[in-house]
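Engineer: First the structure, which I've put down as structure tokens, then a few questions once you've had a look.
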Number of protein chains: 2
Amino acid sequence: MSITANDPKRKTWLDIPGDTDFPIQNIPFGVFLTRDDVITIGTRIGDFAIDLGALHQLGYFEGIPLTDDIFLQDTLNDFISDGKKTWRLVRNRIADIFDANNTKLKDNQDHRNTVLFTLDEIEMQMPVQVGDYTDFYSSKEHATNIGTMFRDPDNALLPNWLHIPVGYHGRSSSIIPSEIPVHRPQGQTKPADSDEPVFGPSQRVDFELEMAFVTTDANHLGEPIPVDEAEDYIFGMVLFNDWSARDIQKWEYVPLGPFLAKNFASSISPWIVTMDALEPFRTASPKPEKELLPYLKYKGEKSFDINLEVFLQPEGGEENSLSKSNFKYLYWNMSQQLAHHTVNGCPVNSGDMMASGTISGSSEDSYGSMLELSWGGKKPIKLKDGSERKFVNDNDTVIMRGFCQNGNSRIGFGEVKSKLLPVYEPKKK
Amino acid sequence: MSITANDPKRKTWLDIPGDTDFPIQNIPFGVFLTRDDVITIGTRIGDFAIDLGALHQLGYFEGIPLTDDIFLQDTLNDFISDGKKTWRLVRNRIADIFDANNTKLKDNQDHRNTVLFTLDEIEMQMPVQVGDYTDFYSSKEHATNIGTMFRDPDNALLPNWLHIPVGYHGRSSSIIPSEIPVHRPQGQTKPADSDEPVFGPSQRVDFELEMAFVTTDANHLGEPIPVDEAEDYIFGMVLFNDWSARDIQKWEYVPLGPFLAKNFASSISPWIVTMDALEPFRTASPKPEKELLPYLKYKGEKSFDINLEVFLQPEGGEENSLSKSNFKYLYWNMSQQLAHHTVNGCPVNSGDMMASGTISGSSEDSYGSMLELSWGGKKPIKLKDGSERKFVNDNDTVIMRGFCQNGNSRIGFGEVKSKLLPVYEPKKK
């Protein structure tokens, strides 16, 4: 089945900005609360949010095998479980409904009033219930920077790194959508000049520029997914800010990995951009530097050319661009990550989320975390207002944006934007 | 509200064995498939499974604020969300219904036929949908054994261990109930005599004797749970076999912790024994060896005296007792674990599962894993049939049992029993 929704010549009858992240060729999926306080599944074209539950009730998906309530849900999990063929039918149909040459909805003012929302009328929710969340560590530049700072510049990469798409399990319950603020975490840290730990607010709160993919039901317990089939089980991608507390991390992480340093929050962009929409931006991953074991060897191009940028905005101030990176820098791609994750038979379900790890490039202005940008706090970053940052301050807002661009074609992710609040103060009883 | 279900003098009109793990003072909660292929929530007394959905429909829970469908669900998550007061009302009521002095159900043969099942008529399911699963590392003896074997006998415990209830995130999707077999995982390992990893079946499949607790909705993002309130959010406990592949673990675990070495399977006993039922077996934890930070200091006794035993049964052979341990050996208790887990504001929800880590005692016959029992494979374990084990062989069944005993009072967990199958063979297409 062809992905007709991707036709670059297609235009929409909706009035949308020319440079939007969400042209009619994008058609992402998300969940939002409407002006009537109803939660629904929707898509976005330009600055319009579109209620797919209402479109379905009005019969616009006739002929596509969908249950009646598939879009009247508060997560996309069931729709994602329906599989790639259904996602594609629905996305192609949405493109047809809003195509400049189709007058059916365009000319029906009642239907338009029911189906279309402006962005200020809605509130984006978590798009999926995340069953399990895994965070990989797939940027060689990032792993090298961390190894150089904390271990040995001459042996910055650990011996397993070039053989394994290293990853670890994270916390699903603290994954939140863009716009939800995050409190500075408290925890144990050990000052360099002390043998005993102390308790208090983290002094080194950081972001990590990542992307994550969302899976469908992929396998049963015991059953591996071959690397060249992995993409069949990937629904789409989001921007992912893996909030981190570096001082907590340093003290807690041996021998079982990061825990409280990470699980206080991870923020995502709320629109899941489908792999179909990203298809025109497919590109090669870096060439492997070591011979790979057969289960990690793949055919073709499995990465994507996605421009990424991080901004920091102090309270009441301007946005400061801190870093420009690209998803294609990642050494390990999503197909390798999913094949590795399941090679032991670990089951992957609809709504599982797998993040890339910090995406750093090779130049200093492409690093994906404050830890790297300020080189462990040794090179403070100057902001436009004259202030400096080693890490994220209270009331700073961190914004990540991402888009693919190919001539005039642009497919974007919008943004993940979240403010760091001071330490949580319990309400007086 | 008193826990009348715990009255040690209470007897039931059901015909049950004298030494059962499930006297009328236990009343655990679980989910099972009935002879009619219906999934329901139930409890167990002796060798009877009791359909709580049917009991509720017949009006036996009148006066307790419960939604009509609370037990007609395939997980306990919603019931657990109802909170401790409701759990206690229901458990007390069940004790009353089956009390030897109450003839209402006893004398109603129709109702008895609807409500009561023998164990061979049911199939136990996962009792909860596990949102997030955390594994702690709370046995000092286990952490010391591992540190001695893999690092330095003189500095076996890492510097953070006596200050932090060390834990890490695990995989929810591969937590399975007792009786579900597990395939030997494949993966990358690095032979000692090679610089390059190889791929194949793990040669060091191990169990870990653990227990896990199940939480209710405990807090919102940002909000810590004080250590002395933590027990309010713990519903109950199960036996937990944290299957492990030691050779995969050794190669993959730096720097982010165990991943594929653990996430191929974790097996649990299917009946959740409530904290109310365990109340008479409360006991002290070991005395802290270092001054604790205030958020980890608690009042009273927060551990439980639970006898644990692991058995290995070769295909067609007898059970061999490998180890006897006790939950009370754990250095860190559940209240400390939950306070630590949330001190940074990490949200905990109904159905989350938190395991203890391997529970080893101080004597060699109380170690909770093959790795420790065979001391890294150096001291093979003799079985009754004359064979030896360093780790778990294909077609071995691992059984863990646990119970509390106080004079004639016994509250048990039943067992978690799972067979290790050979490597998964993909079906021919």
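Chains: A, B, ... in order of the structure tokens. Residues: from 1 per chain. Ligands: from 1, in order shown.
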Got a sec to pull out which chain B residues are within 8 Å of chain A, counting only C-alpha atoms, and send them as a compact mmCIF listing (two decimals) with C-alpha atoms, in the first residue's frame?
Structural biologist:
```
# COMPACT_ATOMS: atom_id res chain seq x y z
CA GLY B 131 2.99 0.04 35.51
CA ASP B 132 6.59 0.29 36.64
CA LEU B 158 30.54 0.09 47.26
CA ASN B 160 27.06 4.31 48.58
CA HIS B 163 23.66 5.15 52.69
CA ILE B 164 21.25 4.40 49.86
CA VAL B 166 20.30 1.06 45.91
CA GLY B 167 17.80 0.17 43.21
CA TYR B 168 17.26 0.27 39.47
CA HIS B 169 14.42 0.11 37.02
CA GLY B 170 13.44 -3.24 35.57
CA ARG B 171 11.13 -4.39 32.80
CA SER B 172 7.40 -4.72 33.55
CA SER B 173 6.45 -6.54 30.36
CA SER B 174 8.31 -9.73 31.23
CA VAL B 182 10.88 -19.34 30.56
CA HIS B 183 13.23 -19.83 27.62
CA PRO B 185 17.93 -16.32 26.75
CA GLN B 186 20.47 -15.70 24.02
CA GLY B 187 22.74 -12.73 23.96
CA PRO B 197 32.09 -10.79 22.20
CA VAL B 198 30.25 -13.86 20.93
CA PHE B 199 26.53 -14.52 20.50
CA LEU B 221 4.87 14.17 40.33
CA GLY B 222 7.17 16.17 42.56
CA GLU B 223 5.78 14.97 45.90
CA TRP B 251 29.48 -7.93 29.63
CA GLU B 252 26.59 -5.48 29.34
CA TYR B 253 26.20 -3.88 32.76
CA VAL B 254 28.74 -1.06 32.69
CA PRO B 255 27.99 1.79 33.01
CA LEU B 256 24.17 1.78 33.02
CA GLY B 257 23.27 -1.41 34.88
CA PRO B 258 21.72 -4.81 34.04
CA PHE B 259 19.41 -4.91 31.03
CA LEU B 260 19.05 -8.02 28.82
CA ASN B 263 14.48 -8.50 31.29
CA PHE B 264 13.82 -11.90 29.66
CA ALA B 265 11.63 -12.91 32.62
CA LEU B 293 20.01 10.73 56.41
CA HIS B 341 12.19 6.06 45.49
CA VAL B 343 12.27 11.57 47.61
CA ASN B 344 12.94 13.20 44.23
CA GLY B 345 9.22 13.34 43.41
CA CYS B 346 9.01 10.18 41.28
CA PRO B 347 5.33 9.18 41.05
CA VAL B 348 4.22 5.74 42.26
CA ASN B 349 0.95 4.26 41.01
CA TYR B 424 13.41 -20.44 21.76
CA PRO B 426 11.27 -19.75 15.81
```
Engineer: I'd like to know which of A:Met400, A:Thr40, A:Gly407, A:Ala230 is closest to Glu319 in chain A, using only C-alpha atoms.
Structural biologist: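 Going through A:Met400, A:Thr40, A:Gly407, A:Ala230 one by one, the smallest distance to Glu319 in chain A is for A:Met400.
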Engineer: I need the strand (DSSP E or B) residues of range 318-397 of chain B per DSSP on the backbone, written as an MDAnalysis selection string.
Structural biologist: chainID B and resid 320:326 353:355 369 381:382 388:389 397
Engineer: Env of Arg91 in chain A: 8 Å cut, atoms = only C-alpha atoms, seq-sep filter 4 positions within chain, self excluded. Answer as number ranges by chain.
Structural biologist: A: 5, 27, 87, 95
Engineer: Could those selected residues go to a file with C-alpha atoms, as a short mmCIF file (atom, residue, chain, number, x, y, z; two decimals), in the first residue's frame?
Structural biologist:
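Writing the result to out_22.cif gives the following:
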```cif
data_model
loop_
_atom_site.label_atom_id
_atom_site.label_comp_id
_atom_site.auth_asym_id
_atom_site.auth_seq_id
_atom_site.Cartn_x
_atom_site.Cartn_y
_atom_site.Cartn_z
CA ALA A 5 -0.34 11.03 2.42
CA ILE A 27 -0.35 14.12 9.99
CA TRP A 87 -2.20 3.55 10.64
CA ALA A 95 -4.78 13.60 3.82
#
```
Engineer: Report, in Å with one decimal, the straight-line distance from CA of Phe71 in chain A to CA of Met126 in chain B.
Structural biologist: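 Separation between CA of Phe71 in chain A and CA of Met126 in chain B: 27.9 Å.
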Engineer: Would you compute the distance between CA of Thr118 in chain A and CA of Gly30 in chain A? Give it in Å to one decimal.
Structural biologist: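 It comes out at 14.6 Å.
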Engineer: Please return, as a short mmCIF file (atom, residue, chain, number, x, y, z; two decimals) with N, CA and C atoms, in the first residue's frame, all residues of range 46-197 of chain B that DSSP assigns to helix (DSSP H, G or I) on the basis of the backbone.
Structural biologist:
```
data_model
loop_
_atom_site.label_atom_id
_atom_site.label_comp_id
_atom_site.auth_asym_id
_atom_site.auth_seq_id
_atom_site.Cartn_x
_atom_site.Cartn_y
_atom_site.Cartn_z
N LEU B 52 -14.64 -13.45 43.76
CA LEU B 52 -15.15 -12.25 44.44
C LEU B 52 -16.14 -11.48 43.57
N GLY B 53 -15.97 -11.60 42.25
CA GLY B 53 -16.94 -10.97 41.35
C GLY B 53 -18.33 -11.56 41.57
N ALA B 54 -18.38 -12.88 41.66
CA ALA B 54 -19.67 -13.55 41.88
C ALA B 54 -20.22 -13.21 43.28
N LEU B 55 -19.36 -13.25 44.28
CA LEU B 55 -19.80 -12.90 45.65
C LEU B 55 -20.42 -11.50 45.69
N HIS B 56 -19.78 -10.57 44.98
CA HIS B 56 -20.26 -9.18 44.95
C HIS B 56 -21.62 -9.10 44.27
N GLN B 57 -21.73 -9.81 43.12
CA GLN B 57 -23.02 -9.79 42.40
C GLN B 57 -24.15 -10.38 43.24
N ASN B 77 -5.73 -3.65 39.73
CA ASN B 77 -5.28 -2.25 39.84
C ASN B 77 -6.36 -1.31 40.37
N ASP B 78 -7.60 -1.42 39.86
CA ASP B 78 -8.65 -0.49 40.30
C ASP B 78 -9.02 -0.74 41.77
N PHE B 79 -9.10 -2.00 42.15
CA PHE B 79 -9.39 -2.32 43.55
C PHE B 79 -8.29 -1.77 44.46
N ILE B 80 -7.06 -1.92 44.03
CA ILE B 80 -5.94 -1.41 44.83
C ILE B 80 -6.02 0.12 44.93
N SER B 81 -6.44 0.76 43.84
CA SER B 81 -6.60 2.23 43.87
C SER B 81 -7.64 2.67 44.90
N LYS B 84 -6.51 1.59 51.28
CA LYS B 84 -6.37 0.65 52.40
C LYS B 84 -7.67 0.41 53.16
N LYS B 85 -8.47 1.46 53.34
CA LYS B 85 -9.71 1.31 54.10
C LYS B 85 -10.63 0.28 53.40
N THR B 86 -10.71 0.40 52.10
CA THR B 86 -11.56 -0.53 51.34
C THR B 86 -10.99 -1.95 51.35
N TRP B 87 -9.67 -2.08 51.17
CA TRP B 87 -9.06 -3.42 51.20
C TRP B 87 -9.43 -4.10 52.52
N ARG B 88 -9.35 -3.33 53.60
CA ARG B 88 -9.58 -3.90 54.92
C ARG B 88 -11.04 -4.28 55.12
N LEU B 89 -11.96 -3.42 54.66
CA LEU B 89 -13.39 -3.74 54.75
C LEU B 89 -13.69 -5.04 54.01
N VAL B 90 -13.14 -5.17 52.82
CA VAL B 90 -13.41 -6.36 52.00
C VAL B 90 -12.81 -7.61 52.64
N ARG B 91 -11.59 -7.48 53.13
CA ARG B 91 -10.93 -8.65 53.72
C ARG B 91 -11.66 -9.09 55.00
N ASN B 92 -12.04 -8.11 55.82
CA ASN B 92 -12.81 -8.46 57.03
C ASN B 92 -14.13 -9.13 56.65
N ARG B 93 -14.79 -8.64 55.62
CA ARG B 93 -16.07 -9.21 55.21
C ARG B 93 -15.89 -10.65 54.70
N ILE B 94 -14.84 -10.87 53.93
CA ILE B 94 -14.61 -12.24 53.43
C ILE B 94 -14.41 -13.19 54.61
N ALA B 95 -13.66 -12.74 55.61
CA ALA B 95 -13.47 -13.57 56.81
C ALA B 95 -14.82 -13.89 57.45
N ASP B 96 -15.69 -12.90 57.51
CA ASP B 96 -17.02 -13.13 58.10
C ASP B 96 -17.84 -14.14 57.29
N ILE B 97 -17.78 -14.01 55.97
CA ILE B 97 -18.60 -14.88 55.10
C ILE B 97 -18.21 -16.35 55.28
N GLN B 109 -26.49 -23.75 48.70
CA GLN B 109 -25.73 -24.58 47.77
C GLN B 109 -25.58 -23.91 46.40
N ASP B 110 -26.62 -23.22 45.94
CA ASP B 110 -26.54 -22.50 44.66
C ASP B 110 -25.41 -21.48 44.68
N HIS B 111 -25.41 -20.69 45.72
CA HIS B 111 -24.36 -19.66 45.82
C HIS B 111 -22.99 -20.31 45.93
N ARG B 112 -22.88 -21.37 46.72
CA ARG B 112 -21.59 -22.04 46.85
C ARG B 112 -21.09 -22.55 45.50
N ASN B 113 -22.03 -23.10 44.71
CA ASN B 113 -21.64 -23.61 43.39
C ASN B 113 -21.12 -22.49 42.48
N THR B 114 -21.66 -21.31 42.67
CA THR B 114 -21.27 -20.18 41.83
C THR B 114 -19.92 -19.59 42.24
N VAL B 115 -19.67 -19.63 43.52
CA VAL B 115 -18.59 -18.85 44.10
C VAL B 115 -17.30 -19.64 44.29
N LEU B 119 -8.80 -25.81 42.99
CA LEU B 119 -7.64 -25.22 42.32
C LEU B 119 -7.44 -25.76 40.90
N ASP B 120 -7.88 -27.03 40.67
CA ASP B 120 -7.67 -27.57 39.31
C ASP B 120 -8.68 -27.01 38.32
N GLU B 121 -9.64 -26.24 38.81
CA GLU B 121 -10.61 -25.64 37.89
C GLU B 121 -10.21 -24.24 37.43
N LYS B 140 22.49 -6.96 52.42
CA LYS B 140 23.92 -6.65 52.61
C LYS B 140 24.75 -7.91 52.31
N GLU B 141 24.24 -9.07 52.73
CA GLU B 141 24.98 -10.31 52.50
C GLU B 141 25.13 -10.57 51.00
N HIS B 142 24.05 -10.36 50.24
CA HIS B 142 24.14 -10.57 48.79
C HIS B 142 25.09 -9.57 48.14
N ALA B 143 24.94 -8.30 48.48
CA ALA B 143 25.81 -7.27 47.87
C ALA B 143 27.28 -7.53 48.23
N THR B 144 27.50 -8.01 49.44
CA THR B 144 28.86 -8.32 49.87
C THR B 144 29.41 -9.53 49.10
N ASN B 145 28.58 -10.56 48.94
CA ASN B 145 29.03 -11.73 48.17
C ASN B 145 29.40 -11.36 46.74
N ILE B 146 28.54 -10.57 46.11
CA ILE B 146 28.79 -10.18 44.72
C ILE B 146 30.07 -9.34 44.63
N GLY B 147 30.18 -8.37 45.56
CA GLY B 147 31.38 -7.51 45.57
C GLY B 147 32.65 -8.30 45.82
N THR B 148 32.55 -9.32 46.67
CA THR B 148 33.71 -10.16 46.96
C THR B 148 34.13 -10.95 45.73
N MET B 149 33.14 -11.51 45.04
CA MET B 149 33.45 -12.33 43.86
C MET B 149 33.98 -11.51 42.70
N PHE B 150 33.35 -10.33 42.46
CA PHE B 150 33.65 -9.59 41.23
C PHE B 150 34.58 -8.41 41.41
N PRO B 153 37.46 -8.34 47.86
CA PRO B 153 36.92 -8.85 49.13
C PRO B 153 37.07 -7.85 50.29
N ASP B 154 38.10 -7.01 50.24
CA ASP B 154 38.31 -6.06 51.34
C ASP B 154 37.42 -4.83 51.23
N ASN B 155 36.92 -4.57 50.02
CA ASN B 155 36.01 -3.44 49.82
C ASN B 155 34.80 -3.91 49.03
#
```
Engineer: Just how far from CA of Ala277 in chain B is CA of Phe48 in chain B, in Å to one decimal?
Structural biologist: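 If I compute the distance from CA of Phe48 in chain B to CA of Ala277 in chain B, I get 18.0 Å.
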Engineer: Extract, using only C-alpha atoms, all DNA, RNA and protein residues at most 7 Å from Ser369 in chain B, discarding same-chain residues fewer than 6 positions from it, and format them as a PyMOL selection string.
Structural biologist: chain B and resi 206-209
